[in-house]
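For reference, the structure discussed in these notes is given below.
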Amino acid sequence: MQVTLIVTLVLHVLSGVFWAGTTFALARTAGNQADLFFRPQMGAAAVAVATGGLLWFLLHDGPQGCKGTSWPSERYAQSSPPVFKAW
Ligand code: HEM
């Protein structure tokens, strides 16, 4: 399970950063030789979206709870009150 998550996240970040980075670079160079980047970009986009969906499933599947909402959560309701307060 943990290995699946690590591999998925690594593939997601690598392909996502390649996809976004080359998009920014092409935008800044007026699309210079954009056709050479078409296949790598489409491949990276497909991997980023697929692994993004898998991450969503692995990390945020099921009802909203501690993982889905930041505050308040049952985890804190059963233990001592949080040390930090807004007032
Ligand atoms: C349709 C496209 C995408 C989907 C559905 C998607 C979805 C996700 C999901 C569900 C996570 C896990 C969040 C968590 O830790 O709870 C994630 C993490 C991440 N994504 Fe994406 N993502 C997409 C595109 C991208 C792109 C284009 C980039 C890079 C520019 C990117 C960079 C990252 C990074 C760096 C993380 C790790 C953040 C962390 O774990 O805190 N993602 N993404």
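Just so we're on the same page: first chain in the structure tokens is A, next is B, and so on; residues restart at 1 for each chain, and ligands are numbered from 1 in the order they show up.
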
List as a Markdown table every residue of chain A that is in contact with ligand 1, defined as an atom at most 7 Å from one of its atoms (using only C-alpha atoms and all ligand atoms), together with the nearest atom pair and the distance in Å rounded to one decimal, sorted by chain and then rising number.
```
| residue | atom | partner | partner_atom_place_in_ligand_line | distance |
| --- | --- | --- | --- | --- |
| A:Leu9 | CA | ligand 1 | 37 (C) | 6.7 |
| A:His12 | CA | ligand 1 | 20 (N) | 6.3 |
| A:Val13 | CA | ligand 1 | 35 (C) | 4.9 |
| A:Gly16 | CA | ligand 1 | 29 (C) | 3.8 |
| A:Val17 | CA | ligand 1 | 29 (C) | 4.3 |
| A:Trp19 | CA | ligand 1 | 27 (C) | 6.3 |
| A:Ala20 | CA | ligand 1 | 30 (C) | 5.0 |
| A:Ala48 | CA | ligand 1 | 24 (C) | 5.6 |
| A:Val49 | CA | ligand 1 | 2 (C) | 4.2 |
| A:Gly52 | CA | ligand 1 | 7 (C) | 3.6 |
| A:Gly53 | CA | ligand 1 | 5 (C) | 4.9 |
| A:Leu55 | CA | ligand 1 | 10 (C) | 4.6 |
| A:Trp56 | CA | ligand 1 | 10 (C) | 3.6 |
| A:Leu59 | CA | ligand 1 | 16 (O) | 5.7 |
| A:His60 | CA | ligand 1 | 16 (O) | 6.8 |
```

Quiz item: If you count only C-alpha atoms, which residues fall within 12 Å of A:Ala25, apart from same-chain ones fewer than 6 positions away, as a PyMOL selection string?
Solution: chain A and resi 17-19+31-34+37+41

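Among the candidates A:Leu14, A:Phe57, A:Pro63, A:Ala30, the one nearest to A:Ala44 when counting only C-alpha atoms is A:Leu14.
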
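Using only C-alpha atoms, the nearest neighbour of A:Pro40 within the list A:Met1, A:Leu58, A:Thr22, A:Ile6 is A:Thr22.
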
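Interatomic distance, atom CA of A:Ala50 against atom CA of A:Thr29: 28.3 Å.
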